[in-house]
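Q: Pasting in a structure now, in structure tokens, and then I'll have a few things to ask.
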Amino acid sequence: ATTGRPADEEVSSDSETESPLFGRRRRDAAEEEVEETPQEKKLRLAKQYLEELRQLEEERAEEEEELEPADLVGDRLKEDVLEQKGRLQRLVAKDVQPPDPARIRVLRGHQLPVTCLVISPDDKFIFSASKDGSLIKCKWEVDSGKRLCVVPGGKKGTEERHMGHASHVLCMAISSDGKYLATGDRNKLIMIWDAATCKRLHIFTGHRDAVSGLSFRKGTHQLYSASHDRCVKVWDVAENAYVETLFGHQDVITGLDSLSRECCVTAGGRDGTVRLWKIPEESQLVFSGHQGSIDCIQLINEEHMVSGADDGSLALWGLTKKKPLALARQAHGEQDAQGLQQPYWISAVAALRSSDLLATGSHSGSVKLWKCGEGFRKLEHLLDIPLVGFVNSLKFSAAGDFLVAGIGQEHRLGRWWRIKEAKNTICIIPLKQKTAASSPESPGSS
């Protein structure tokens with residue numbers, strides 16, 4: 001895997017034990033150590049960061065003419081510190097009102113259940129994928145919901161000549177600069193796309209089973225992937241290179257997420273664990289608390305995360321505690337399955353980043369919104385949004401003004417049940433605030 005690799009050429013994680021990129025990084029780091037001390041490097045990077053911030057805030061101040069650049073830089077620095085420590089908590093949950101059902105926009109286009117979706121960082125586009133292998137890019141507009149680009153799914157065995165996926169797409173991720181889109185399928189492939197044009201750039205191979213989780217590290221083009229083969233792989237998308245593989249889970253990995261730090265979190269299905277992977281140290285922290293298969297996971301901030309399981313439980317975690325800080329059992333109630341009372345599976349979770357607002361999905365007939373209590377030690381049910389079908393994916397917009405749900409007649413990972421009256425759609429749910437005033441931000445104890 002080298003920088004000069006042609007576009008759309010396969011990159012395999014089996015090809016070498018350590019990529020040239022990874023080796024080069026080590027050499028570069030060694031050279032830097034000779035040239036400058038760690039203190040000098042820290043000082044240089046801090047000065048560089050402050051200068052970038054100052055330039056950015058000066059540009060904003062010229063446009064808005066509200067605050068002095070120095071004040072803006074100071075406020076931004078405080079926010080960044082709180083966010084890195086996991087203590088920036090926007091208190092928005094208490095102001096969310098039940099959405100008007102008539103204002104929920106429904107986007108149709110997939111033939112089979114929608115399995116995953118992402119929203120572009122500027123909140124203008126929704127990318128979604130399905131069991132039919134198709135990849136659809138929708139530009140989000142309140143009035144139109146217009147489809148801008150469709151990459152159709154191909155038939156099994158046509159992977160070599162077909163531009164898109166030829167099997168169920170299970171996961172997707174978009175880089176924080178909106179440049180790259182990554183999609184993973186049941187056929188072990190990861191495809192990298194130009195998000196603006198929907199042109200396929202690369203194919204990454206090496207996983208030995210279905211690719212079930214993808215996430216770009218915030219602020220970089222480093223991609224983490226998880227699979228039913230129980231391992232996590234690291235890729236450099238800009239360099240078109242494989243970096244390394246990490247092992248630890250005892251069962252299939254069902255979900256993955258990451259933020260700015262060089263680490264990611266995963267849900268380990270029936271091994272009953274959630275894991276935090278520290279990439280540079282090649283180490284992991286193990287968390288346990290669910291009774292069933294853990295099917296979905298998302299980071300709320302750098303120190304807290306939420307996960308859902310097929311035992312119906314919803315768990316809030318702090319990365320310094322091995323057990324959940326809060327646990328809601330049977331979060332979506334119970335169903336009568338073949339004469340037995342069973343909890344509705346939690347099939348999707350979403351968190352509005354650095355806030356106290358969560359969303360959960362199941363096939364119970366509604367999406368539920370939740371409020372995280374102070375210090376993330378309590379889960380409080382806020383309201384239900386009626387939606388028929390399996391909620392296979394949920395994402396909040398960056399601004400928090402809408403929630404997008406990917407709906408299907410079947411669960412994204414299997415065909416245990418089928419809800420005939422459900423439609424395979426994307427639902428855009430507007431979230432109204434009770435007050436126009438901005439919500440206060442408070443440090444939540446970790």
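Identifiers in this document derive from the order of the structure tokens: chains are assigned A, B, ..., residues are numbered from 1 separately in each chain, and ligands are numbered from 1 in order of occurrence.
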Taking the DSSP assignment computed from this structure's backbone, write out as number ranges by chain all residues of region 248-313 of chain A that belong to strand (DSSP E or B).
A: A: 255-257, 263-267, 269, 273-278, 283-288, 294-299, 304-309
Q: Please report as a tab-separated table every residue of region 374-395 of chain A lying within 12 Å of region 290-300 of chain A, along with the nearest atom pair and their distance in Å (one decimal), using only C-alpha atoms.
A:
```
residue	atom	partner	partner_atom	distance
A:Phe376	CA	A:Ile300	CA	10.0
A:Val391	CA	A:Cys296	CA	11.7
A:Asn392	CA	A:Cys296	CA	9.6
A:Ser393	CA	A:Cys296	CA	9.3
A:Leu394	CA	A:Gln298	CA	10.4
A:Lys395	CA	A:Gln298	CA	10.1
```
Q: Return as JSON lines the residues of region 346-365 of chain A lying at most 7 Å from region 92-110 of chain A, together with the closest atom-to-atom pair for each and the distance in Å to one decimal, counting only C-alpha atoms, with rows in chain order and ascending residue number.
A:
```
{"residue": "A:Ser355", "atom": "CA", "partner": "A:Val92", "partner_atom": "CA", "distance": 6.7}
{"residue": "A:Asp356", "atom": "CA", "partner": "A:Ala93", "partner_atom": "CA", "distance": 5.9}
{"residue": "A:Leu357", "atom": "CA", "partner": "A:Ala93", "partner_atom": "CA", "distance": 5.0}
```
Q: Generate the output file for the selected residues, N, CA and C atoms, as a short mmCIF file (atom, residue, chain, number, x, y, z; two decimals), in the first residue's frame.
A:
```cif
data_model
loop_
_atom_site.label_atom_id
_atom_site.label_comp_id
_atom_site.auth_asym_id
_atom_site.auth_seq_id
_atom_site.Cartn_x
_atom_site.Cartn_y
_atom_site.Cartn_z
N SER A 355 -24.00 16.33 24.12
CA SER A 355 -25.26 16.83 24.69
C SER A 355 -25.86 15.76 25.60
N ASP A 356 -27.07 16.04 26.11
CA ASP A 356 -27.76 15.08 26.98
C ASP A 356 -28.92 14.41 26.26
N LEU A 357 -28.93 14.46 24.90
CA LEU A 357 -30.05 13.92 24.12
C LEU A 357 -29.65 12.64 23.39
#
```
Q: Quote the spacing between CA of Pro113 (chain A) and CA of Asp384 (chain A) in Å to one decimal place.
A: 22.0 Å
Q: So the first atom is CA of Ser366 (chain A) and the second is CA of Ala331 (chain A); what is the distance between them in Å, to one decimal place?
A: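 Rounded to one decimal, the two atoms are 11.4 Å apart.
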Q: Neighbours of Val306 (chain A) within 10 Å (only C-alpha atoms; same-chain residues fewer than 3 positions away dropped), as a short mmCIF file (atom, residue, chain, number, x, y, z; two decimals) with N, CA and C atoms, in the first residue's frame?
A:
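Result file part-v2.cif:
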```
data_model
loop_
_atom_site.label_atom_id
_atom_site.label_comp_id
_atom_site.auth_asym_id
_atom_site.auth_seq_id
_atom_site.Cartn_x
_atom_site.Cartn_y
_atom_site.Cartn_z
N VAL A 274 -18.52 -4.49 25.63
CA VAL A 274 -18.21 -3.30 24.87
C VAL A 274 -16.73 -3.07 25.09
N CYS A 296 -25.64 -2.37 19.00
CA CYS A 296 -25.36 -1.02 18.50
C CYS A 296 -24.67 -0.19 19.58
N ILE A 297 -23.86 0.77 19.11
CA ILE A 297 -23.07 1.58 20.05
C ILE A 297 -22.77 2.94 19.44
N GLN A 298 -22.71 3.97 20.27
CA GLN A 298 -22.25 5.29 19.80
C GLN A 298 -21.65 6.07 20.96
N LEU A 299 -20.58 6.83 20.64
CA LEU A 299 -19.97 7.73 21.62
C LEU A 299 -20.82 8.99 21.74
N ILE A 300 -21.02 9.46 22.98
CA ILE A 300 -21.72 10.72 23.22
C ILE A 300 -20.69 11.86 23.19
N LEU A 314 -30.82 -0.54 27.43
CA LEU A 314 -30.08 0.61 26.95
C LEU A 314 -29.10 0.99 28.04
N ALA A 315 -27.81 1.11 27.72
CA ALA A 315 -26.79 1.36 28.75
C ALA A 315 -26.01 2.64 28.46
N LEU A 316 -25.76 3.39 29.53
CA LEU A 316 -24.89 4.57 29.48
C LEU A 316 -23.58 4.21 30.17
N TRP A 317 -22.46 4.53 29.54
CA TRP A 317 -21.15 4.15 30.07
C TRP A 317 -20.25 5.37 30.23
N GLY A 318 -19.39 5.31 31.24
CA GLY A 318 -18.27 6.23 31.37
C GLY A 318 -17.02 5.41 31.11
N PRO A 324 -22.06 -0.19 33.55
CA PRO A 324 -22.83 0.97 33.10
C PRO A 324 -23.09 1.97 34.22
N ALA A 326 -25.66 3.98 33.94
CA ALA A 326 -27.12 3.91 34.00
C ALA A 326 -27.58 2.82 33.04
N LEU A 327 -28.67 2.11 33.40
CA LEU A 327 -29.18 1.02 32.57
C LEU A 327 -30.70 1.06 32.56
N VAL A 349 -29.00 3.08 18.09
CA VAL A 349 -28.87 4.17 19.08
C VAL A 349 -28.21 5.36 18.39
N ALA A 350 -28.54 6.56 18.86
CA ALA A 350 -27.89 7.77 18.36
C ALA A 350 -27.74 8.75 19.50
N ALA A 351 -26.68 9.52 19.45
CA ALA A 351 -26.43 10.56 20.47
C ALA A 351 -26.15 11.86 19.75
N LEU A 358 -30.46 11.58 23.58
CA LEU A 358 -30.25 10.28 22.93
C LEU A 358 -31.51 9.86 22.18
N ALA A 359 -31.34 8.96 21.21
CA ALA A 359 -32.48 8.36 20.51
C ALA A 359 -32.24 6.86 20.39
N THR A 360 -33.31 6.07 20.49
CA THR A 360 -33.20 4.61 20.32
C THR A 360 -34.26 4.13 19.35
N PHE A 376 -24.28 11.75 33.55
CA PHE A 376 -24.64 10.57 32.75
C PHE A 376 -24.99 9.37 33.64
#
```
Q: Please, what distance in Å, to one decimal, runs between CA of Gly339 (chain A) and CA of Gly365 (chain A)?
A: 19.5 Å
Q: Just the residues within 8 Å of Leu285 (chain A), please, counting only C-alpha atoms, with nothing from its chain fewer than 4 positions along; format it as a list in words.
A: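 Residues meeting the cut-off are Arg275, Leu276 and Trp277 of chain A.
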Q: Please produce a file of those selected residues containing N, CA and C atoms, as a PDB file, in the first residue's frame.
A:
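Saved as out39.pdb:
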```pdb
ATOM      1  N   ARG A 275     -15.991  -2.679  24.042  1.00  0.00           N
ATOM      2  CA  ARG A 275     -14.545  -2.504  24.193  1.00  0.00           C
ATOM      3  C   ARG A 275     -14.074  -1.151  23.678  1.00  0.00           C
ATOM      4  N   LEU A 276     -13.119  -0.589  24.404  1.00  0.00           N
ATOM      5  CA  LEU A 276     -12.432   0.634  23.977  1.00  0.00           C
ATOM      6  C   LEU A 276     -11.042   0.219  23.513  1.00  0.00           C
ATOM      7  N   TRP A 277     -10.742   0.490  22.248  1.00  0.00           N
ATOM      8  CA  TRP A 277      -9.455   0.116  21.658  1.00  0.00           C
ATOM      9  C   TRP A 277      -8.542   1.325  21.619  1.00  0.00           C
TER      10      TRP A 277
END
```
Q: Using only C-alpha atoms for the distances, tell me which of A:Ser175, A:Thr220, A:Asn240, A:Gln250 is nearest to Asp271 (chain A).
A: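 Counting only C-alpha atoms, the residue closest to Asp271 (chain A) is A:Gln250.
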Q: Which residues are close to Ser397 (chain A), i.e. within 12 Å by only C-alpha atoms, leaving aside same-chain residues fewer than 2 positions away? Reply as number ranges by chain.
A: A: 117-126, 140, 350-353, 394-395, 399-405, 428-431
Q: Give me, as a list in words, all polymer residues having an atom no more than 12 Å from Met163 (chain A), counting only C-alpha atoms and skipping those fewer than 2 positions away in the same chain.
A: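 Counting only the stated atoms, we get Asp8, Gly133, Ser134, Leu135, Val150, Val151, Pro152, Gly153, Gly154, Lys155, Thr158, Glu159, Glu160, Arg161, His165, Ala166, Met191, Ile192, Trp193, Cys198, Lys199, Arg200, Leu201, His202 and Ile203 of chain A.
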Q: Which neighbours of Ser12 (chain A) fall inside 8 Å, counting only C-alpha atoms, when residues of the same chain fewer than 3 positions from it are skipped, and could you give them as a PDB file with all heavy atoms, in the first residue's frame?
A:
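Now in around_10.pdb:
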```pdb
ATOM      1  N   SER A  15      -1.679  -8.224   2.718  1.00  0.00           N
ATOM      2  CA  SER A  15      -0.503  -8.112   1.854  1.00  0.00           C
ATOM      3  C   SER A  15       0.803  -7.926   2.601  1.00  0.00           C
ATOM      4  O   SER A  15       1.843  -8.282   2.127  1.00  0.00           O
ATOM      5  CB  SER A  15      -0.704  -6.977   0.859  1.00  0.00           C
ATOM      6  OG  SER A  15      -0.978  -5.771   1.543  1.00  0.00           O
ATOM      7  N   PHE A 204     -11.018  -1.845  -0.160  1.00  0.00           N
ATOM      8  CA  PHE A 204     -10.148  -2.427   0.863  1.00  0.00           C
ATOM      9  C   PHE A 204     -10.623  -3.844   1.158  1.00  0.00           C
ATOM     10  O   PHE A 204     -11.810  -4.065   1.417  1.00  0.00           O
ATOM     11  CB  PHE A 204     -10.193  -1.601   2.156  1.00  0.00           C
ATOM     12  CG  PHE A 204      -9.559  -0.231   2.049  1.00  0.00           C
ATOM     13  CD1 PHE A 204      -9.831   0.750   2.992  1.00  0.00           C
ATOM     14  CD2 PHE A 204      -8.677   0.077   1.016  1.00  0.00           C
ATOM     15  CE1 PHE A 204      -9.245   2.013   2.910  1.00  0.00           C
ATOM     16  CE2 PHE A 204      -8.091   1.330   0.924  1.00  0.00           C
ATOM     17  CZ  PHE A 204      -8.373   2.308   1.869  1.00  0.00           C
ATOM     18  N   THR A 205      -9.707  -4.791   1.112  1.00  0.00           N
ATOM     19  CA  THR A 205     -10.028  -6.190   1.425  1.00  0.00           C
ATOM     20  C   THR A 205      -9.145  -6.668   2.577  1.00  0.00           C
ATOM     21  O   THR A 205      -8.129  -6.055   2.893  1.00  0.00           O
ATOM     22  CB  THR A 205      -9.801  -7.098   0.202  1.00  0.00           C
ATOM     23  OG1 THR A 205      -8.398  -7.068  -0.139  1.00  0.00           O
ATOM     24  CG2 THR A 205     -10.613  -6.630  -0.988  1.00  0.00           C
ATOM     25  N   GLY A 206      -9.511  -7.770   3.181  1.00  0.00           N
ATOM     26  CA  GLY A 206      -8.709  -8.322   4.275  1.00  0.00           C
ATOM     27  C   GLY A 206      -9.569  -8.887   5.385  1.00  0.00           C
ATOM     28  O   GLY A 206      -9.163  -9.825   6.071  1.00  0.00           O
ATOM     29  N   TYR A 242      -3.400   0.128   4.182  1.00  0.00           N
ATOM     30  CA  TYR A 242      -3.744  -0.629   5.382  1.00  0.00           C
ATOM     31  C   TYR A 242      -2.693  -0.315   6.447  1.00  0.00           C
ATOM     32  O   TYR A 242      -1.500  -0.187   6.150  1.00  0.00           O
ATOM     33  CB  TYR A 242      -3.751  -2.132   5.070  1.00  0.00           C
ATOM     34  CG  TYR A 242      -3.563  -3.030   6.267  1.00  0.00           C
ATOM     35  CD1 TYR A 242      -4.591  -3.183   7.195  1.00  0.00           C
ATOM     36  CD2 TYR A 242      -2.372  -3.703   6.486  1.00  0.00           C
ATOM     37  CE1 TYR A 242      -4.426  -4.000   8.302  1.00  0.00           C
ATOM     38  CE2 TYR A 242      -2.201  -4.516   7.587  1.00  0.00           C
ATOM     39  CZ  TYR A 242      -3.235  -4.661   8.497  1.00  0.00           C
ATOM     40  OH  TYR A 242      -3.067  -5.457   9.597  1.00  0.00           O
TER      41      TYR A 242
END
```
Q: So, with only C-alpha atoms as the atoms that count, which of A:Asp310, A:Glu281, A:Glu59, A:Glu262 lies closest to Tyr224 (chain A)?
A: A:Glu262
